[in-house]
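Asks: Right, I'll just put the structure down here and ask away after.
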There are 4 protein chains.
Amino acid sequence: MTDYQKVLDSIYEDVNKDKIRGDVANYIPALSKVSLEHFGMTLRTSDGKEYAVGESDQNFSIQSISKLFILTMVMMHTDSDRWDRVGREPSGNSFNSLVQLEQENGKPRNPFINAGAIVMTDYLHDFYKRPGESILEFVRKISQNNTIGVNRDVFESEKATGHRNYALGHFMKSYENINHDVIKVLETYFFHCSIEMSCDDLARSVDYLVHSGKNIIEKSKARRINALMLTCGPYDDAGEFAFRIGIPTKSGVGGGIVGVCPGEYSVAVWSPGLNKAGNSLLGTKALRMLTNRLDSSIF
Amino acid sequence: MTDYQKVLDSIYEDVNKDKIRGDVANYIPALSKVSLEHFGMTLRTSDGKEYAVGESDQNFSIQSISKLFILTMVMMHTDSDRWDRVGREPSGNSFNSLVQLEQENGKPRNPFINAGAIVMTDYLHDFYKRPGESILEFVRKISQNNTIGVNRDVFESEKATGHRNYALGHFMKSYENINHDVIKVLETYFFHCSIEMSCDDLARSVDYLVHSGKNIIEKSKARRINALMLTCGPYDDAGEFAFRIGIPTKSGVGGGIVGVCPGEYSVAVWSPGLNKAGNSLLGTKALRMLTNRLDSSIF
Amino acid sequence: MTDYQKVLDSIYEDVNKDKIRGDVANYIPALSKVSLEHFGMTLRTSDGKEYAVGESDQNFSIQSISKLFILTMVMMHTDSDRWDRVGREPSGNSFNSLVQLEQENGKPRNPFINAGAIVMTDYLHDFYKRPGESILEFVRKISQNNTIGVNRDVFESEKATGHRNYALGHFMKSYENINHDVIKVLETYFFHCSIEMSCDDLARSVDYLVHSGKNIIEKSKARRINALMLTCGPYDDAGEFAFRIGIPTKSGVGGGIVGVCPGEYSVAVWSPGLNKAGNSLLGTKALRMLTNRLDSSIF
Amino acid sequence: MTDYQKVLDSIYEDVNKDKIRGDVANYIPALSKVSLEHFGMTLRTSDGKEYAVGESDQNFSIQSISKLFILTMVMMHTDSDRWDRVGREPSGNSFNSLVQLEQENGKPRNPFINAGAIVMTDYLHDFYKRPGESILEFVRKISQNNTIGVNRDVFESEKATGHRNYALGHFMKSYENINHDVIKVLETYFFHCSIEMSCDDLARSVDYLVHSGKNIIEKSKARRINALMLTCGPYDDAGEFAFRIGIPTKSGVGGGIVGVCPGEYSVAVWSPGLNKAGNSLLGTKALRMLTNRLDSSIF
């Protein structure tokens with residue numbers, strides 16, 4: 001039997017020795033103050049056992065990991081063949097690029113780049129009267145934690161300085177690929193990016209993706225979400241993640257990464273220092289050690 | 001001696017036969033209702049004589065022609081070597097493209113594409129307390145017509161639907177290439193695009209560019225404005241304009257084009273139907289006939 | 001127990017009804033004459049049982065499927081972390097694009113786009129004196145078929161008309177990302193693209209990827225090859241393939257596609273009509289039916 | 001009366017003081033050995049008087065200046081409205097870029113970027129049996145110097161190492177925008193780039209552009225060539241040249257620049273050190289001083 005705790009402990013020991021810890025996201029003022037010293041990691045097996053090291057119960061800004069929840073909520077309401085205002089292809093560009101959007105008439109490449117997640121958030125406004133509240137409700141339910149909420153400082157900070165995202169929203173509106181009011185859609189977008197969760201919460205929250213959608217979404221849809229995570233989850237690093245880590249993941253610029261090994265376990269890791277692609281530097285290393293030491297891979 | 005009136009008459013006769021008249025700009029609702037039948041043209045010689053055909057005294061939306069006035073106003077206040085947040089190169093892309101802006105870190109190629117004119121408008125906010133009023137004042141002065149004003153419908157229409165321009169503004173703000181409040185700068189931008197003038201007004205307004213800047217701006221700066229008109233004035237058609245028309249021009253999606261033959265004459269033409277590059281279709285043809293029949297060219 | 005033959009039979013019945021069969025690759029003269037009516041499919045289980053329908057033993061041009069064998073051969077000789085003149089990211093562009101190559105200084109995105117495979121072929125010239133022969137030898141060995149060879153017409157046709165590939169080769173040489181003589185490297189490239197195999201051969205040839213590299217390559221490398229197939233194998237359709245088919249694949253413009261369900265089976269399908277992304281239209285449909293009806297997916 | 005010699009002398013004095021002299025083109029081995037110390041300049045008035053400073057009679061590699069002669073030769077044979085496989089727009093990209101070529105289906109933006117000049121050279125193969133000889137003949141005629149020839153070292157050097165140009169040629173051939181054999185067309189291209197001339201030769205050679213085409217080409221075509229020089233001549237610096245120098249020019253990476261002030265004078269300058277855009281650094285400065293001190297400009 002695998003001794004998961006031992007594996008996590010060995011990873012924790014190794015990352016603690018690492019002096020190179022990346023840089024915090026400095027384009028969101030409220031995030032730029034977070035210390036590089038944080039590290040937490042939680043693994044939850046398919047039968048519900050949880051193993052953790054470091055600050056696994058410490059809240060942090062989930063940022064783009066929220067895109068995974070938004071996608072799931074949209075797919076709960078609509079056949080995955082039907083959401084046709086967003087593609088399903090890796091972008092080959094950085095997560096907030098406008099170039100491809102212009103070349104492809106305002107249709108984002110996938111739901112995990114900012115533009116795609118903004119359109120997904122626009123879809124949510126079709127299904128929910130108060131999308132922000134509904135998102136919180138959903139996230140609390142799947143992570144079995146009713147205290148989860150939004151960090152107001154981060155939210156206000158993004159609303160005031162998120163010019164790149166305003167640009168993306170207005171740009172897609174000019175292609176008529178946003179149906180609702182741009183400003184309202186972006187407010188919801190900034191809202192769900194500002195949700196705070198811990199590694200413990202996150203590992204629990206994606207349990208449905210370990211179990212082919214159990215209780216939350218159909219099997220075929222859960223598999224497709226996993227496929228999207230693998231091909232597009234870690235921004236423009238998705239190829240390297242698939243190549244070296246080998247399981248579906250979704251990262252956020254708050255330094256969190258969540259991963260899913262279907263049928264076996266889910267994992268969440270947090271370390272605020274980012275690499276150039278915007279993924280947690282130590283988090284990426286930790287996941288690489290994990291799948292290597294567990295000899296686990298979907299391939 | 002050149003019989004300018006005869007040349008204009010012959011052009012008027014020829015364009016009236018033309019059945020292909022292009023399409024009105026449909027992305028600005030208030031402009032999409034204008035009839036394709038309009039045509040007016042005014043030529044003003046360097047010694048102040050004016051010749052006209054068609055609806056030369058009819059007001060229309062000058063749109064991007066206002067970029068010429070904004071540029072002049074900025075250059076009145078600053079050495080042309082100093083405005084360094086905008087380039088001086090043809091863009092090789094359509095007038096509202098974001099692609100190049102992303103590749104070049106938010107610095108627009110020249111002051112005659114939308115992005116460049118928005119930065120120029122941002123500069124104006126450094127120099128004037130009420131930029132909108134100052135622009136109107138300047139335009140009234142150079143065209144010797146105190147009744148010139150803004151079309152409120154067009155202005156409100158652009159403010160409500162100009163998502164592409166909002167995208168450009170926020171995008172450049174994200175690169176810190178807009179100093180003032182984005183929304184305020186765009187309001188001034190939409191304001192000066194909504195100015196209405198006639199061909200008679202326009203031909204008169206650029207008299208200073210026929211006379212090396214006379215009374216308005218230094219000779220070297222006037223020449224540089226003419227150079228920018230030639231290389232960047234008619235959007236992504238500048239090369240063809242230089243090749244076939246051979247004098248500096250600036251066009252607008254309202255269907256107006258203003259041209260300058262230094263030392264000889266200025267000319268303004270209006271016909272609302274546009275070609276693919278966003279320039280007046282008949283206006284372009286008329287200017288081609290004009291320089292051909294007058295055998296005039298700066299080359 | 002799964003009745004694989006019954007599943008293949010049902011697929012064969014369904015694709016035979018399909019009137020829309022795509023278009024043959026017309027930029028390679030020798031391929032443009034192939035009939036759209038061909039269809040063959042072979043599935044081989046991890047324990048070596050083979051099931052087939054249609055023209056499963058008919059030879060066809062494997063084209064880009066050869067990139068999979070070239071990659072394997074390079075990885076046999078070098079640590080996968082070491083081949084650093086090619087990336088591991090999805091390109092987000094069509095398979096023969098030069099755009100990204102220019103933006104990224106001549107380094108191809110991955111080994112499955114033409115540029116990347118040309119560099120991989122260049123690597124082969126480091127390891128083998130007669131790379132063409134060595135490739136044939138390897139392919140014959142893994143498919144247990146000593147009669148496999150190259151179609152001379154296709155080879156000559158590509159050598160004479162493959163201007164896009166010559167462009168890619170010279171372009172990368174200008175960035176010093178080709179070490180050997182461009183023309184020789186391209187000759188080897190055209191050579192391995194011109195190999196002919198049947199579905200039966202192909203299904204057998206990738207058995208090592210079903211079995212974590214067995215006898216051919218280390219486990220970690222086999223997994224990485226599978227990961228690259230999933231994220232980059234079917235050109236610019238990789239996202240849709242992962243989303244809808246859910247297993248690693250590699251396609252060729254000859255109309256063949258090979259797929260791997262690790263631990264369970266390999267599959268090869270052939271139908272010459274292509275979709276817009278250059279993948280076999282019916283082949284893609286057949287694989288979608290297969291994983292759906294078998295309820296198999298790596299996610 | 002203007003004292004041209006005095007103006008040239010003052011320029012010569014000023015450039016000699018300049019310590020920053022740019023870098024020689026290092027991608028053509030035979031050019032990389034040229035000393036940065038060279039400087040020559042020749043001005044020829046419309047009535048045939050010649051003024052010179054420095055090494056004005058020293059031969060150097062004209063490189064892209066030959067594109068001006070090729071364009072003229074093509075236009076001698078065909079109506080300028082008819083050469084439709086090359087555009088007339090500034091490219092907004094560097095002179096050897098492939099990006100735009102791919103986005104615009106193999107049609108180069110203008111005849112002064114490499115791709116455009118290669119297509120123009122392809123046209124020449126329609127009109128001449130031995131294009132290389134015919135080009136030399138034409139250049140000798142217009143510069144009244146029968147000793148003008150090709151530098152064999154430069155020619156062989158470019159043939160052996162011009163991979164970027166081979167890439168451009170094959171790339172356009174793949175779009176069927178090259179009619180003749182790619183390798184032969186490129187040989188002619190490298191041939192005319194390797195012509196050697198002095199400033200004295202060059203100033204004389206473009207006399208027909210000072211005189212509206214006199215004896216060489218129709219007036220309307222001469223003007224159009226001048227227009228193309230202004231908008232596209234100095235590569236991606238055309239806007240700055242128009243803005244600061246104000247007359248049509250064509251530059252080459254050998255460090256030469258030729259300029260035309262219609263009706264007044266032609267000018268040639270040579271200094272091998274280049275700026276980032278590939279134009280002679282001191283040559284550019286010298287031309288700026290010249291038009292400034294002469295107060296000459298087409299605007």
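Going through the structure tokens in order, the chains are called A, B, and so on, while each chain numbers its residues from 1 and the ligands are numbered from 1 in the order shown.
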Would you give me, as a list in words, the residues of chain C that come within 8 Å of chain A, using only C-alpha atoms?

Replies: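 Therefore, the residues near the partner are Arg88, Glu89, Pro90, Ser91, Gly92, Asn93, Arg223, Arg224, Ile225, Asn226, Ala227, Leu228, Leu230, Thr231, Asp236, Asp237, Ala238, Gly239, Glu240, Ala242, Phe243, Arg244, Gly246, Pro262, Ser297, Ile298 and Phe299 of chain C.
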
Asks: List as a count of residues only the protein and nucleic acid residues near Leu31 of chain A, meaning an atom at most 10 Å away when only C-alpha atoms are counted, but skip any in the same chain fewer than 4 places from it.

Replies: 15

Asks: Quick one: chain A onto chain D, least squares on all Cα paired in order, result as a CSV table (one decimal) with C-alpha atoms, in the first residue's frame?

Replies:
chain,number,residue,atom,x,y,z
A,1,MET,CA,22.3,80.3,-55.0
A,2,THR,CA,22.8,77.3,-52.8
A,3,ASP,CA,26.3,76.4,-52.0
A,4,TYR,CA,25.9,72.6,-52.1
A,5,GLN,CA,29.6,71.9,-51.5
A,6,LYS,CA,29.6,73.9,-48.3
A,7,VAL,CA,26.6,72.0,-47.0
A,8,LEU,CA,28.3,68.7,-47.8
A,9,ASP,CA,31.5,69.8,-46.2
A,10,SER,CA,29.7,70.8,-43.0
A,11,ILE,CA,28.0,67.4,-42.9
A,12,TYR,CA,31.3,65.6,-43.5
A,13,GLU,CA,32.8,67.5,-40.6
A,14,ASP,CA,30.0,66.6,-38.3
A,15,VAL,CA,29.8,62.9,-39.1
A,16,ASN,CA,33.5,62.6,-38.7
A,17,LYS,CA,33.2,63.6,-35.1
A,18,ASP,CA,30.6,60.9,-34.4
A,19,LYS,CA,31.9,58.0,-32.4
A,20,ILE,CA,28.7,55.9,-32.6
A,21,ARG,CA,28.8,54.4,-36.1
A,22,GLY,CA,26.4,51.3,-35.8
A,23,ASP,CA,27.3,47.7,-36.7
A,24,VAL,CA,28.1,46.1,-40.1
A,25,ALA,CA,25.7,43.5,-41.4
A,26,ASN,CA,27.0,40.3,-39.9
A,27,TYR,CA,24.7,37.8,-41.5
A,28,ILE,CA,26.5,38.2,-44.8
A,29,PRO,CA,30.0,37.0,-44.0
A,30,ALA,CA,31.6,38.9,-46.9
A,31,LEU,CA,30.1,42.2,-45.7
A,32,SER,CA,31.0,41.7,-42.0
A,33,LYS,CA,34.7,42.5,-42.7
A,34,VAL,CA,34.1,46.0,-44.1
A,35,SER,CA,35.5,48.8,-41.9
A,36,LEU,CA,33.2,51.1,-40.0
A,37,GLU,CA,35.4,54.1,-40.9
A,38,HIS,CA,34.2,54.5,-44.5
A,39,PHE,CA,32.1,57.5,-45.4
A,40,GLY,CA,31.2,59.0,-48.8
A,41,MET,CA,28.5,61.3,-50.1
A,42,THR,CA,27.6,62.7,-53.5
A,43,LEU,CA,24.9,65.2,-54.5
A,44,ARG,CA,23.9,65.7,-58.1
A,45,THR,CA,21.7,68.6,-59.0
A,46,SER,CA,19.0,68.4,-61.6
A,47,ASP,CA,21.2,70.3,-64.1
A,48,GLY,CA,23.9,67.7,-63.7
A,49,LYS,CA,26.4,69.4,-61.4
A,50,GLU,CA,28.0,67.0,-58.9
A,51,TYR,CA,29.3,67.7,-55.4
A,52,ALA,CA,31.0,65.1,-53.2
A,53,VAL,CA,32.8,64.5,-49.9
A,54,GLY,CA,34.8,61.5,-48.5
A,55,GLU,CA,35.1,58.3,-50.3
A,56,SER,CA,32.5,59.1,-52.9
A,57,ASP,CA,34.2,57.2,-55.7
A,58,GLN,CA,34.8,54.0,-53.6
A,59,ASN,CA,32.8,50.9,-54.6
A,60,PHE,CA,30.6,49.2,-52.1
A,61,SER,CA,27.9,46.5,-52.1
A,62,ILE,CA,24.6,48.1,-53.1
A,63,GLN,CA,22.5,45.3,-51.7
A,64,SER,CA,18.8,46.3,-51.5
A,65,ILE,CA,19.3,49.5,-53.4
A,66,SER,CA,19.3,47.1,-56.4
A,67,LYS,CA,15.6,46.6,-55.6
A,68,LEU,CA,15.0,50.1,-57.0
A,69,PHE,CA,16.5,49.2,-60.3
A,70,ILE,CA,14.7,45.8,-60.5
A,71,LEU,CA,11.4,47.6,-59.8
A,72,THR,CA,12.1,50.2,-62.5
A,73,MET,CA,12.9,47.5,-65.0
A,74,VAL,CA,9.7,45.6,-64.3
A,75,MET,CA,7.7,48.8,-64.6
A,76,MET,CA,9.3,49.6,-67.9
A,77,HIS,CA,7.8,46.3,-69.2
A,78,THR,CA,4.4,46.4,-67.6
A,79,ASP,CA,1.7,48.8,-66.5
A,80,SER,CA,2.1,49.5,-62.8
A,81,ASP,CA,-1.5,48.6,-62.3
A,82,ARG,CA,-0.8,45.2,-63.6
A,83,TRP,CA,2.0,43.8,-61.4
A,84,ASP,CA,-0.4,42.3,-58.9
A,85,ARG,CA,1.6,39.6,-57.3
A,86,VAL,CA,3.2,42.2,-55.0
A,87,GLY,CA,1.4,44.9,-53.0
A,88,ARG,CA,2.1,48.6,-52.5
A,89,GLU,CA,1.8,49.0,-48.8
A,90,PRO,CA,4.3,49.5,-46.0
A,91,SER,CA,4.8,46.2,-44.3
A,92,GLY,CA,5.0,47.3,-40.7
A,93,ASN,CA,7.5,44.4,-40.2
A,94,SER,CA,11.2,43.8,-40.7
A,95,PHE,CA,12.5,43.4,-44.2
A,96,ASN,CA,12.9,39.7,-44.2
A,97,SER,CA,9.8,38.7,-42.1
A,98,LEU,CA,7.7,35.7,-43.1
A,99,VAL,CA,4.9,36.4,-40.8
A,100,GLN,CA,2.9,38.8,-43.0
A,101,LEU,CA,3.6,36.6,-46.0
A,102,GLU,CA,1.8,33.7,-44.3
A,103,GLN,CA,-1.1,35.9,-43.2
A,104,GLU,CA,-1.5,37.2,-46.7
A,105,ASN,CA,-1.2,34.0,-48.7
A,106,GLY,CA,2.3,34.5,-50.0
A,107,LYS,CA,1.8,38.0,-51.5
A,108,PRO,CA,4.5,40.3,-50.3
A,109,ARG,CA,3.5,43.8,-49.1
A,110,ASN,CA,5.7,45.8,-51.4
A,111,PRO,CA,8.7,45.5,-53.9
A,112,PHE,CA,11.2,46.8,-51.4
A,113,ILE,CA,11.1,44.0,-48.8
A,114,ASN,CA,13.1,40.9,-49.7
A,115,ALA,CA,10.0,38.8,-50.5
A,116,GLY,CA,8.7,41.5,-52.8
A,117,ALA,CA,12.0,41.9,-54.6
A,118,ILE,CA,12.2,38.2,-55.1
A,119,VAL,CA,8.9,38.2,-56.9
A,120,MET,CA,10.0,41.2,-58.9
A,121,THR,CA,13.1,39.3,-59.9
A,122,ASP,CA,10.8,36.4,-60.9
A,123,TYR,CA,9.0,38.9,-63.2
A,124,LEU,CA,12.3,39.8,-64.8
A,125,HIS,CA,12.7,36.2,-65.8
A,126,ASP,CA,9.6,36.7,-68.0
A,127,PHE,CA,11.2,39.6,-69.8
A,128,TYR,CA,14.8,38.7,-70.1
A,129,LYS,CA,16.6,35.6,-71.2
A,130,ARG,CA,19.7,36.4,-69.1
A,131,PRO,CA,18.3,38.7,-66.4
A,132,GLY,CA,21.6,39.1,-64.6
A,133,GLU,CA,23.3,40.5,-67.7
A,134,SER,CA,20.3,42.7,-68.5
A,135,ILE,CA,20.3,44.1,-65.0
A,136,LEU,CA,24.1,45.0,-65.2
A,137,GLU,CA,23.5,46.5,-68.6
A,138,PHE,CA,20.7,48.7,-67.3
A,139,VAL,CA,22.6,49.8,-64.2
A,140,ARG,CA,25.7,50.6,-66.3
A,141,LYS,CA,23.6,52.7,-68.7
A,142,ILE,CA,21.8,54.8,-66.1
A,143,SER,CA,25.0,55.4,-64.1
A,144,GLN,CA,27.1,56.1,-67.2
A,145,ASN,CA,29.7,53.7,-66.0
A,146,ASN,CA,30.6,50.6,-68.0
A,147,THR,CA,32.9,49.2,-65.3
A,148,ILE,CA,30.1,48.4,-62.8
A,149,GLY,CA,30.1,44.7,-61.9
A,150,VAL,CA,29.3,42.1,-59.3
A,151,ASN,CA,31.5,41.2,-56.3
A,152,ARG,CA,32.0,37.5,-56.7
A,153,ASP,CA,32.8,36.9,-53.0
A,154,VAL,CA,29.6,38.6,-51.8
A,155,PHE,CA,27.6,36.7,-54.5
A,156,GLU,CA,29.0,33.3,-53.5
A,157,SER,CA,28.6,34.2,-49.8
A,158,GLU,CA,25.0,35.0,-50.2
A,159,LYS,CA,24.3,31.9,-52.3
A,160,ALA,CA,25.8,29.7,-49.7
A,161,THR,CA,24.4,31.3,-46.5
A,162,GLY,CA,21.2,33.1,-47.6
A,163,HIS,CA,18.9,30.6,-45.9
A,164,ARG,CA,16.3,33.2,-45.0
A,165,ASN,CA,16.0,34.2,-48.6
A,166,TYR,CA,15.8,30.6,-49.7
A,167,ALA,CA,13.0,30.2,-47.1
A,168,LEU,CA,11.2,33.2,-48.6
A,169,GLY,CA,11.5,31.9,-52.1
A,170,HIS,CA,10.3,28.4,-51.3
A,171,PHE,CA,7.5,29.8,-49.1
A,172,MET,CA,6.1,31.9,-51.9
A,173,LYS,CA,6.6,29.1,-54.4
A,174,SER,CA,4.3,27.0,-52.1
A,175,TYR,CA,1.7,29.7,-52.7
A,176,GLU,CA,2.4,29.6,-56.4
A,177,ASN,CA,3.7,33.2,-56.3
A,178,ILE,CA,7.0,32.3,-58.0
A,179,ASN,CA,6.6,31.2,-61.6
A,180,HIS,CA,10.2,30.3,-62.5
A,181,ASP,CA,12.6,27.9,-60.8
A,182,VAL,CA,13.1,29.1,-57.2
A,183,ILE,CA,16.8,28.4,-57.2
A,184,LYS,CA,17.4,30.3,-60.5
A,185,VAL,CA,15.3,33.3,-59.3
A,186,LEU,CA,17.3,33.4,-56.1
A,187,GLU,CA,20.6,33.2,-58.0
A,188,THR,CA,19.5,36.3,-60.0
A,189,TYR,CA,18.4,38.0,-56.7
A,190,PHE,CA,21.7,37.3,-55.0
A,191,PHE,CA,23.5,38.5,-58.2
A,192,HIS,CA,21.9,41.9,-58.3
A,193,CYS,CA,22.3,42.4,-54.5
A,194,SER,CA,26.0,41.8,-55.1
A,195,ILE,CA,26.5,44.7,-57.5
A,196,GLU,CA,29.1,47.2,-56.5
A,197,MET,CA,28.8,50.9,-57.1
A,198,SER,CA,30.1,54.2,-55.7
A,199,CYS,CA,28.1,57.2,-54.3
A,200,ASP,CA,29.0,59.0,-57.6
A,201,ASP,CA,27.5,56.1,-59.6
A,202,LEU,CA,24.4,56.0,-57.5
A,203,ALA,CA,23.7,59.7,-57.5
A,204,ARG,CA,23.9,59.6,-61.3
A,205,SER,CA,21.9,56.4,-61.6
A,206,VAL,CA,18.7,57.9,-60.2
A,207,ASP,CA,18.8,61.1,-62.2
A,208,TYR,CA,15.7,59.8,-64.1
A,209,LEU,CA,13.7,60.0,-60.8
A,210,VAL,CA,14.7,63.6,-60.3
A,211,HIS,CA,13.4,64.3,-63.9
A,212,SER,CA,10.1,62.5,-63.8
A,213,GLY,CA,11.5,59.5,-65.6
A,214,LYS,CA,13.3,61.3,-68.4
A,215,ASN,CA,14.4,58.9,-71.2
A,216,ILE,CA,13.9,55.9,-69.0
A,217,ILE,CA,10.2,55.6,-67.9
A,218,GLU,CA,6.9,57.5,-68.1
A,219,LYS,CA,6.3,60.4,-65.8
A,220,SER,CA,3.4,58.7,-63.9
A,221,LYS,CA,5.6,55.6,-63.3
A,222,ALA,CA,8.5,57.6,-62.1
A,223,ARG,CA,6.3,59.4,-59.6
A,224,ARG,CA,5.0,56.1,-58.4
A,225,ILE,CA,8.5,54.7,-57.9
A,226,ASN,CA,9.3,57.8,-55.8
A,227,ALA,CA,6.1,57.3,-53.8
A,228,LEU,CA,7.1,53.7,-53.1
A,229,MET,CA,10.5,54.8,-52.0
A,230,LEU,CA,9.0,57.2,-49.6
A,231,THR,CA,6.5,54.8,-48.0
A,232,CYS,CA,8.6,51.6,-48.2
A,233,GLY,CA,12.2,52.4,-49.2
A,234,PRO,CA,14.0,52.4,-45.8
A,235,TYR,CA,12.5,49.2,-44.6
A,236,ASP,CA,10.6,49.5,-41.3
A,237,ASP,CA,12.0,53.0,-40.8
A,238,ALA,CA,10.1,54.5,-43.7
A,239,GLY,CA,7.8,56.6,-41.4
A,240,GLU,CA,10.7,58.1,-39.5
A,241,PHE,CA,12.5,58.9,-42.8
A,242,ALA,CA,9.5,60.6,-44.2
A,243,PHE,CA,9.0,62.4,-40.9
A,244,ARG,CA,12.6,63.6,-40.4
A,245,ILE,CA,14.2,63.5,-43.8
A,246,GLY,CA,11.2,64.2,-46.1
A,247,ILE,CA,12.4,62.9,-49.4
A,248,PRO,CA,12.1,59.4,-51.1
A,249,THR,CA,15.0,57.1,-50.4
A,250,LYS,CA,16.2,53.5,-50.8
A,251,SER,CA,18.7,51.9,-48.5
A,252,GLY,CA,20.8,48.7,-48.5
A,253,VAL,CA,22.5,46.7,-45.8
A,254,GLY,CA,25.9,47.5,-47.4
A,255,GLY,CA,25.5,50.9,-45.8
A,256,GLY,CA,24.4,52.8,-48.9
A,257,ILE,CA,21.3,55.1,-49.2
A,258,VAL,CA,20.1,56.8,-52.3
A,259,GLY,CA,17.7,59.8,-52.2
A,260,VAL,CA,15.7,61.8,-54.7
A,261,CYS,CA,14.4,65.3,-54.3
A,262,PRO,CA,12.2,65.5,-57.4
A,263,GLY,CA,13.1,68.4,-59.7
A,264,GLU,CA,16.0,69.4,-57.5
A,265,TYR,CA,18.7,66.8,-56.9
A,266,SER,CA,19.6,63.2,-56.2
A,267,VAL,CA,21.9,62.2,-53.4
A,268,ALA,CA,23.9,59.0,-52.4
A,269,VAL,CA,25.6,58.4,-49.1
A,270,TRP,CA,27.6,55.4,-47.8
A,271,SER,CA,28.7,54.4,-44.3
A,272,PRO,CA,28.7,50.7,-43.5
A,273,GLY,CA,27.6,50.8,-39.9
A,274,LEU,CA,23.8,50.1,-39.6
A,275,ASN,CA,21.1,50.9,-37.1
A,276,LYS,CA,18.6,48.4,-35.8
A,277,ALA,CA,16.3,48.8,-38.8
A,278,GLY,CA,19.2,47.9,-41.1
A,279,ASN,CA,19.8,51.4,-42.4
A,280,SER,CA,23.2,53.1,-42.4
A,281,LEU,CA,23.4,55.0,-39.1
A,282,LEU,CA,25.6,57.8,-40.3
A,283,GLY,CA,24.0,57.8,-43.7
A,284,THR,CA,20.6,58.5,-42.1
A,285,LYS,CA,22.1,61.3,-39.9
A,286,ALA,CA,23.8,62.8,-43.0
A,287,LEU,CA,20.6,62.8,-45.0
A,288,ARG,CA,18.7,64.4,-42.1
A,289,MET,CA,21.4,67.2,-41.9
A,290,LEU,CA,21.2,67.6,-45.7
A,291,THR,CA,17.5,68.2,-46.1
A,292,ASN,CA,17.5,70.3,-42.9
A,293,ARG,CA,20.4,72.5,-44.0
A,294,LEU,CA,19.0,72.8,-47.5
A,295,ASP,CA,15.5,73.3,-46.1
A,296,SER,CA,14.4,70.8,-48.8
A,297,SER,CA,11.4,68.5,-48.4
A,298,ILE,CA,8.7,67.2,-50.7
A,299,PHE,CA,6.2,68.2,-48.0

Asks: From segment 42-281 of chain D, collect each residue whose DSSP state is alpha helix (DSSP H) and return the set as a PyMOL selection string.

Replies: chain D and resi 66-77+99-103+114-127+131-142+152-161+163-174+182-193+199-205+207-210+219-232+238-244+281

Asks: I need the residues in segment 228-287 of chain A that are strand (DSSP E or B) according to DSSP; give them as a list in words.

Replies: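 Listing strand (DSSP E or B) positions across segment 228-287 of chain A yields Thr249, Lys250, Ser251, Gly256, Ile257, Val258, Gly259, Val260, Cys261, Tyr265, Ser266, Val267, Ala268, Val269, Trp270, Leu274 and Ser280 of chain A.
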